[in-house]
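Student: Quick one: this structure, given as structure tokens, is what I'll be asking you about.
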Amino acid sequence: MGEIIKEFFLEIVGKELCVFFCSMLPVIELRGAIPMAFALGLPWWQAYLISVLGNLLPVPFILLLINLVIKWMSSSKVTFFNKIANFLLKKVEKNRERIEKYSFWGLFLFVAIPLPMTGAWTGSLVAAVVGVKPLKAFLSVLLGVLLAGVIVTLIVYGGIGFLAWLL
């Protein structure tokens with residue numbers, strides 16, 4: 001079964017779209033997509049461009065719609081949705097002070113530092129719920145994603161590539 005899935009994604013969907021879709025996923029984002037691109041043999045510039053574009057695609061939707069989604073989930077009669085809404089709101093509260101205190105540059109750094117749970121999805125979520133204007137938030141997240149992409153690309157293609165070359 002695993003071979004069928006692998007064949008579907010790599011031969012039918014293609015390496016580039018696999019990287020693109022991977023970079024759109026929350027938590028994974030470009031931090032996982034760039035190493036995936038490296039493993040699939042894509043050149044660094046292609047890995048960077050595809051991953052950045054895929055990572056940015058959900059951002060406007062999150063910035064514009066997440067408050068409506070959280071409100072709907074919070075008032076839902078489905079317990080599962082209530083739990084997700086509460087989880088998201090706790091995540092926002094955890095990061096609210098930093099985003100409010102440092103505003104544009106705080107959001108930029110939050111997204112740019114390639115650590116788990118600090119990417120475009122979480123940054124956009126926090127910005128939207130805190131009330132950062134969508135254009136300001138988008139520009140900040142955009143710059144953060146661009147820098148995170150540079151950092152991850154240098155680590156993966158520079159560091160791992162160098163080690164592979166040595167061996």
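Convention: chains lettered A, B, ... in structure tokens order; per-chain residue numbering from 1; ligands numbered from 1 as shown.
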Could you tell me, as a compact mmCIF listing (two decimals) with N, CA and C atoms, in the first residue's frame, which residues of chain A DSSP assigns to alpha helix (DSSP H) when given the backbone?

Tutor:
# COMPACT_ATOMS: atom_id res chain seq x y z
N GLY A 2 1.95 1.22 0.78
CA GLY A 2 2.87 2.36 0.84
C GLY A 2 3.48 2.68 -0.50
N GLU A 3 3.80 1.65 -1.27
CA GLU A 3 4.36 1.86 -2.61
C GLU A 3 3.37 2.55 -3.54
N ILE A 4 2.10 2.19 -3.41
CA ILE A 4 1.06 2.80 -4.25
C ILE A 4 0.94 4.29 -3.94
N ILE A 5 0.96 4.62 -2.65
CA ILE A 5 0.87 6.03 -2.24
C ILE A 5 2.10 6.79 -2.72
N LYS A 6 3.26 6.21 -2.55
CA LYS A 6 4.51 6.84 -2.99
C LYS A 6 4.47 7.07 -4.50
N GLU A 7 4.06 6.05 -5.25
CA GLU A 7 3.98 6.17 -6.70
C GLU A 7 3.00 7.26 -7.12
N LYS A 15 7.00 15.82 -7.99
CA LYS A 15 7.82 16.28 -6.86
C LYS A 15 7.47 17.71 -6.46
N GLU A 16 7.35 18.57 -7.45
CA GLU A 16 7.11 19.98 -7.18
C GLU A 16 5.80 20.21 -6.44
N LEU A 17 4.73 19.55 -6.90
CA LEU A 17 3.44 19.73 -6.23
C LEU A 17 3.43 19.07 -4.84
N CYS A 18 4.16 17.99 -4.67
CA CYS A 18 4.28 17.38 -3.34
C CYS A 18 4.90 18.38 -2.37
N VAL A 19 5.97 19.05 -2.80
CA VAL A 19 6.62 20.06 -1.97
C VAL A 19 5.67 21.23 -1.71
N PHE A 20 4.98 21.67 -2.75
CA PHE A 20 4.03 22.78 -2.63
C PHE A 20 2.95 22.47 -1.61
N PHE A 21 2.31 21.29 -1.73
CA PHE A 21 1.24 20.91 -0.80
C PHE A 21 1.77 20.73 0.61
N CYS A 22 2.96 20.17 0.74
CA CYS A 22 3.57 19.98 2.05
C CYS A 22 3.78 21.33 2.74
N SER A 23 4.23 22.33 1.98
CA SER A 23 4.49 23.64 2.57
C SER A 23 3.22 24.37 2.98
N MET A 24 2.08 23.94 2.48
CA MET A 24 0.80 24.54 2.85
C MET A 24 0.26 23.99 4.17
N GLU A 29 4.72 23.20 7.17
CA GLU A 29 5.03 24.42 6.43
C GLU A 29 6.34 24.27 5.64
N LEU A 30 7.04 25.37 5.42
CA LEU A 30 8.26 25.26 4.62
C LEU A 30 9.40 24.63 5.39
N ARG A 31 9.28 24.57 6.71
CA ARG A 31 10.31 23.94 7.53
C ARG A 31 10.42 22.45 7.23
N GLY A 32 9.35 21.85 6.77
CA GLY A 32 9.37 20.45 6.37
C GLY A 32 9.44 20.27 4.87
N ALA A 33 8.92 21.25 4.14
CA ALA A 33 8.87 21.15 2.68
C ALA A 33 10.25 21.28 2.04
N ILE A 34 11.09 22.14 2.58
CA ILE A 34 12.42 22.32 1.99
C ILE A 34 13.28 21.07 2.18
N PRO A 35 13.32 20.47 3.37
CA PRO A 35 14.05 19.19 3.48
C PRO A 35 13.46 18.10 2.57
N MET A 36 12.13 18.12 2.40
CA MET A 36 11.50 17.16 1.50
C MET A 36 11.99 17.39 0.07
N ALA A 37 12.05 18.64 -0.34
CA ALA A 37 12.54 18.97 -1.69
C ALA A 37 13.98 18.51 -1.87
N PHE A 38 14.79 18.70 -0.84
CA PHE A 38 16.18 18.24 -0.89
C PHE A 38 16.23 16.73 -1.08
N ALA A 39 15.41 16.02 -0.31
CA ALA A 39 15.37 14.55 -0.39
C ALA A 39 14.88 14.08 -1.76
N TRP A 44 18.06 23.91 -4.94
CA TRP A 44 17.74 24.77 -3.79
C TRP A 44 16.80 25.90 -4.16
N TRP A 45 17.01 26.52 -5.30
CA TRP A 45 16.19 27.68 -5.67
C TRP A 45 14.74 27.27 -5.92
N GLN A 46 14.56 26.09 -6.48
CA GLN A 46 13.20 25.59 -6.73
C GLN A 46 12.53 25.21 -5.41
N ALA A 47 13.28 24.59 -4.53
CA ALA A 47 12.75 24.23 -3.21
C ALA A 47 12.31 25.49 -2.47
N TYR A 48 13.13 26.53 -2.52
CA TYR A 48 12.82 27.78 -1.83
C TYR A 48 11.56 28.42 -2.41
N LEU A 49 11.53 28.61 -3.71
CA LEU A 49 10.39 29.28 -4.35
C LEU A 49 9.07 28.53 -4.14
N ILE A 50 9.09 27.24 -4.39
CA ILE A 50 7.87 26.44 -4.25
C ILE A 50 7.39 26.45 -2.80
N SER A 51 8.32 26.29 -1.87
CA SER A 51 7.95 26.24 -0.45
C SER A 51 7.41 27.57 0.05
N VAL A 52 8.03 28.65 -0.35
CA VAL A 52 7.56 29.98 0.08
C VAL A 52 6.17 30.25 -0.49
N LEU A 53 5.97 29.97 -1.76
CA LEU A 53 4.65 30.20 -2.37
C LEU A 53 3.57 29.34 -1.71
N GLY A 54 3.88 28.08 -1.49
CA GLY A 54 2.91 27.21 -0.84
C GLY A 54 2.62 27.62 0.59
N ASN A 55 3.65 28.05 1.30
CA ASN A 55 3.48 28.47 2.69
C ASN A 55 2.65 29.76 2.80
N LEU A 56 2.77 30.63 1.80
CA LEU A 56 2.04 31.90 1.83
C LEU A 56 0.59 31.78 1.36
N VAL A 59 -2.20 32.09 4.00
CA VAL A 59 -2.12 33.25 4.89
C VAL A 59 -3.29 34.24 4.73
N PRO A 60 -3.62 34.70 3.52
CA PRO A 60 -4.74 35.65 3.41
C PRO A 60 -6.06 35.07 3.91
N PHE A 61 -6.28 33.79 3.66
CA PHE A 61 -7.51 33.14 4.11
C PHE A 61 -7.56 33.08 5.64
N ILE A 62 -6.42 32.77 6.25
CA ILE A 62 -6.36 32.73 7.71
C ILE A 62 -6.62 34.13 8.27
N LEU A 63 -5.93 35.12 7.73
CA LEU A 63 -6.07 36.48 8.24
C LEU A 63 -7.50 37.00 8.12
N LEU A 64 -8.17 36.65 7.04
CA LEU A 64 -9.51 37.19 6.80
C LEU A 64 -10.65 36.35 7.38
N LEU A 65 -10.43 35.05 7.55
CA LEU A 65 -11.54 34.17 7.92
C LEU A 65 -11.43 33.47 9.27
N ILE A 66 -10.25 33.47 9.88
CA ILE A 66 -10.08 32.64 11.07
C ILE A 66 -10.97 33.08 12.23
N ASN A 67 -11.21 34.37 12.38
CA ASN A 67 -12.08 34.82 13.47
C ASN A 67 -13.49 34.28 13.31
N LEU A 68 -13.98 34.26 12.07
CA LEU A 68 -15.32 33.70 11.82
C LEU A 68 -15.35 32.20 12.11
N VAL A 69 -14.31 31.52 11.72
CA VAL A 69 -14.23 30.07 11.94
C VAL A 69 -14.18 29.76 13.44
N ILE A 70 -13.34 30.50 14.18
CA ILE A 70 -13.23 30.26 15.62
C ILE A 70 -14.55 30.58 16.31
N LYS A 71 -15.20 31.66 15.91
CA LYS A 71 -16.50 32.02 16.50
C LYS A 71 -17.52 30.91 16.25
N TRP A 72 -17.56 30.42 15.03
CA TRP A 72 -18.49 29.34 14.69
C TRP A 72 -18.17 28.08 15.49
N MET A 73 -16.88 27.73 15.58
CA MET A 73 -16.48 26.53 16.31
C MET A 73 -16.78 26.66 17.80
N SER A 74 -16.58 27.85 18.35
CA SER A 74 -16.84 28.07 19.78
C SER A 74 -18.31 27.90 20.12
N THR A 79 -18.62 19.02 20.44
CA THR A 79 -17.56 19.18 21.44
C THR A 79 -16.18 19.26 20.80
N PHE A 80 -15.97 18.46 19.78
CA PHE A 80 -14.67 18.45 19.09
C PHE A 80 -14.31 19.84 18.57
N PHE A 81 -15.27 20.54 17.97
CA PHE A 81 -15.03 21.89 17.46
C PHE A 81 -14.75 22.87 18.59
N ASN A 82 -15.47 22.73 19.70
CA ASN A 82 -15.23 23.58 20.87
C ASN A 82 -13.80 23.41 21.38
N LYS A 83 -13.33 22.17 21.41
CA LYS A 83 -11.98 21.89 21.89
C LYS A 83 -10.93 22.51 20.96
N ILE A 84 -11.15 22.41 19.67
CA ILE A 84 -10.21 23.00 18.71
C ILE A 84 -10.19 24.52 18.87
N ALA A 85 -11.36 25.13 18.98
CA ALA A 85 -11.44 26.59 19.16
C ALA A 85 -10.72 27.01 20.43
N ASN A 86 -10.93 26.28 21.51
CA ASN A 86 -10.25 26.60 22.76
C ASN A 86 -8.74 26.43 22.64
N PHE A 87 -8.31 25.38 21.95
CA PHE A 87 -6.88 25.17 21.72
C PHE A 87 -6.28 26.35 20.96
N LEU A 88 -6.95 26.78 19.89
CA LEU A 88 -6.46 27.90 19.09
C LEU A 88 -6.41 29.19 19.91
N LEU A 89 -7.44 29.44 20.69
CA LEU A 89 -7.47 30.66 21.50
C LEU A 89 -6.38 30.64 22.58
N LYS A 90 -6.08 29.46 23.14
CA LYS A 90 -4.99 29.35 24.11
C LYS A 90 -3.64 29.65 23.45
N LYS A 91 -3.47 29.15 22.23
CA LYS A 91 -2.24 29.42 21.48
C LYS A 91 -2.07 30.91 21.25
N VAL A 92 -3.18 31.59 20.91
CA VAL A 92 -3.14 33.03 20.70
C VAL A 92 -2.76 33.74 21.99
N GLU A 93 -3.39 33.37 23.08
CA GLU A 93 -3.11 34.03 24.36
C GLU A 93 -1.65 33.84 24.77
N LYS A 94 -1.11 32.68 24.46
CA LYS A 94 0.28 32.40 24.80
C LYS A 94 1.23 33.36 24.08
N ASN A 95 0.87 33.75 22.86
CA ASN A 95 1.75 34.59 22.05
C ASN A 95 1.27 36.04 21.91
N ARG A 96 0.12 36.35 22.48
CA ARG A 96 -0.48 37.68 22.34
C ARG A 96 0.45 38.81 22.78
N GLU A 97 1.02 38.69 23.95
CA GLU A 97 1.82 39.77 24.51
C GLU A 97 2.99 40.14 23.60
N ARG A 98 3.69 39.12 23.10
CA ARG A 98 4.84 39.40 22.22
C ARG A 98 4.40 40.09 20.94
N ILE A 99 3.30 39.62 20.36
CA ILE A 99 2.83 40.21 19.10
C ILE A 99 2.35 41.63 19.33
N GLU A 100 1.59 41.86 20.39
CA GLU A 100 1.09 43.20 20.67
C GLU A 100 2.23 44.16 21.02
N LYS A 101 3.20 43.67 21.78
CA LYS A 101 4.30 44.53 22.24
C LYS A 101 5.20 44.95 21.08
N TYR A 102 5.54 44.01 20.23
CA TYR A 102 6.50 44.30 19.16
C TYR A 102 5.84 44.49 17.81
N SER A 103 4.54 44.30 17.73
CA SER A 103 3.73 44.54 16.53
C SER A 103 4.34 43.93 15.27
N PHE A 104 4.58 44.75 14.26
CA PHE A 104 5.04 44.29 12.95
C PHE A 104 6.30 43.43 13.06
N TRP A 105 7.31 43.94 13.76
CA TRP A 105 8.59 43.23 13.84
C TRP A 105 8.51 42.02 14.75
N GLY A 106 7.65 42.06 15.73
CA GLY A 106 7.45 40.89 16.59
C GLY A 106 6.83 39.74 15.82
N LEU A 107 5.82 40.07 15.01
CA LEU A 107 5.19 39.05 14.16
C LEU A 107 6.19 38.52 13.14
N PHE A 108 6.96 39.42 12.54
CA PHE A 108 7.99 39.04 11.57
C PHE A 108 8.97 38.04 12.19
N LEU A 109 9.51 38.36 13.37
CA LEU A 109 10.46 37.46 14.02
C LEU A 109 9.83 36.15 14.43
N PHE A 110 8.58 36.22 14.90
CA PHE A 110 7.86 35.01 15.30
C PHE A 110 7.74 34.04 14.13
N VAL A 111 7.45 34.55 12.95
CA VAL A 111 7.31 33.71 11.77
C VAL A 111 8.66 33.30 11.21
N ALA A 112 9.64 34.20 11.27
CA ALA A 112 10.95 33.96 10.65
C ALA A 112 11.80 32.92 11.36
N ALA A 120 3.96 30.58 9.55
CA ALA A 120 2.96 31.46 8.95
C ALA A 120 1.56 31.18 9.47
N TRP A 121 1.22 29.92 9.68
CA TRP A 121 -0.12 29.58 10.17
C TRP A 121 -0.35 30.17 11.56
N THR A 122 0.55 29.89 12.49
CA THR A 122 0.38 30.38 13.85
C THR A 122 0.49 31.89 13.90
N GLY A 123 1.46 32.45 13.18
CA GLY A 123 1.61 33.91 13.15
C GLY A 123 0.36 34.60 12.61
N SER A 124 -0.22 34.06 11.56
CA SER A 124 -1.44 34.63 10.97
C SER A 124 -2.61 34.49 11.93
N LEU A 125 -2.71 33.35 12.57
CA LEU A 125 -3.77 33.12 13.55
C LEU A 125 -3.70 34.14 14.67
N VAL A 126 -2.52 34.29 15.26
CA VAL A 126 -2.34 35.22 16.36
C VAL A 126 -2.63 36.65 15.89
N ALA A 127 -2.10 37.04 14.74
CA ALA A 127 -2.30 38.39 14.23
C ALA A 127 -3.78 38.69 14.02
N ALA A 128 -4.51 37.75 13.45
CA ALA A 128 -5.93 37.97 13.17
C ALA A 128 -6.74 38.09 14.45
N VAL A 129 -6.49 37.21 15.40
CA VAL A 129 -7.27 37.23 16.65
C VAL A 129 -6.91 38.45 17.50
N VAL A 130 -5.64 38.84 17.49
CA VAL A 130 -5.20 40.01 18.24
C VAL A 130 -5.73 41.30 17.61
N PRO A 134 -5.08 43.32 8.45
CA PRO A 134 -4.69 42.24 7.54
C PRO A 134 -3.51 42.57 6.62
N LEU A 135 -3.45 43.74 6.04
CA LEU A 135 -2.34 44.08 5.14
C LEU A 135 -1.02 44.14 5.90
N LYS A 136 -1.04 44.77 7.06
CA LYS A 136 0.16 44.86 7.90
C LYS A 136 0.61 43.46 8.32
N ALA A 137 -0.36 42.63 8.73
CA ALA A 137 -0.04 41.27 9.15
C ALA A 137 0.51 40.46 7.96
N PHE A 138 -0.10 40.61 6.79
CA PHE A 138 0.37 39.86 5.62
C PHE A 138 1.80 40.23 5.27
N LEU A 139 2.11 41.52 5.27
CA LEU A 139 3.48 41.96 4.93
C LEU A 139 4.48 41.43 5.95
N SER A 140 4.11 41.45 7.21
CA SER A 140 4.99 40.95 8.25
C SER A 140 5.21 39.44 8.10
N VAL A 141 4.13 38.70 7.88
CA VAL A 141 4.23 37.25 7.68
C VAL A 141 5.03 36.95 6.41
N LEU A 142 4.79 37.70 5.34
CA LEU A 142 5.53 37.52 4.09
C LEU A 142 7.03 37.63 4.32
N LEU A 143 7.46 38.70 4.99
CA LEU A 143 8.89 38.88 5.26
C LEU A 143 9.42 37.76 6.16
N GLY A 144 8.62 37.36 7.14
CA GLY A 144 9.03 36.26 8.02
C GLY A 144 9.19 34.95 7.28
N VAL A 145 8.27 34.65 6.38
CA VAL A 145 8.34 33.42 5.58
C VAL A 145 9.57 33.47 4.65
N LEU A 146 9.82 34.61 4.05
CA LEU A 146 10.98 34.75 3.17
C LEU A 146 12.28 34.47 3.93
N LEU A 147 12.41 35.06 5.13
CA LEU A 147 13.62 34.82 5.93
C LEU A 147 13.69 33.39 6.44
N ALA A 148 12.58 32.85 6.92
CA ALA A 148 12.57 31.45 7.38
C ALA A 148 12.99 30.52 6.24
N GLY A 149 12.52 30.82 5.03
CA GLY A 149 12.90 30.02 3.87
C GLY A 149 14.39 30.08 3.60
N VAL A 150 14.97 31.26 3.73
CA VAL A 150 16.41 31.41 3.53
C VAL A 150 17.17 30.60 4.59
N ILE A 151 16.75 30.73 5.84
CA ILE A 151 17.43 30.02 6.93
C ILE A 151 17.36 28.50 6.73
N VAL A 152 16.16 27.99 6.45
CA VAL A 152 15.99 26.54 6.29
C VAL A 152 16.74 26.05 5.05
N THR A 153 16.68 26.81 3.97
CA THR A 153 17.39 26.42 2.75
C THR A 153 18.89 26.37 2.99
N GLY A 161 23.83 19.31 2.69
CA GLY A 161 24.47 19.13 1.39
C GLY A 161 25.99 19.01 1.53
N PHE A 162 26.55 19.83 2.40
CA PHE A 162 27.99 19.80 2.64
C PHE A 162 28.40 18.46 3.27
N LEU A 163 27.61 18.01 4.25
CA LEU A 163 27.91 16.72 4.89
C LEU A 163 27.80 15.57 3.89
N ALA A 164 26.79 15.62 3.03
CA ALA A 164 26.63 14.58 2.01
C ALA A 164 27.81 14.59 1.05
N TRP A 165 28.30 15.78 0.71
CA TRP A 165 29.43 15.91 -0.20
C TRP A 165 30.69 15.32 0.45
N LEU A 166 30.85 15.55 1.77
CA LEU A 166 32.01 15.02 2.47
C LEU A 166 32.01 13.50 2.50

Student: Which residue out of A:Gly131, A:Pro43, A:Gly119, A:Pro58 has the minimum interatomic distance to A:Gly158 when only C-alpha atoms are used?

Tutor: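 So, comparing all the options, the nearest one is A:Pro43.
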
Student: Calculate how many Å separate atom CA of A:Gly159 from atom CA of A:Val13, rounding to one decimal.

Tutor: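 So the answer is 28.7 Å.
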
Student: By how many Å are atom CA of A:Tyr157 and atom CA of A:Pro116 apart?

Tutor: 19.6 Å

Student: Atom CA of A:Val27 to atom CA of A:Thr118: how many Å, to one decimal?

Tutor: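 Distance between the two atoms: 8.3 Å.
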
Student: Counting only C-alpha atoms, which of A:Leu57, A:Leu25, A:Ile155, A:Leu40 gets nearest to A:Pro114?

Tutor: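 Selected residue with least distance to A:Pro114: A:Ile155.
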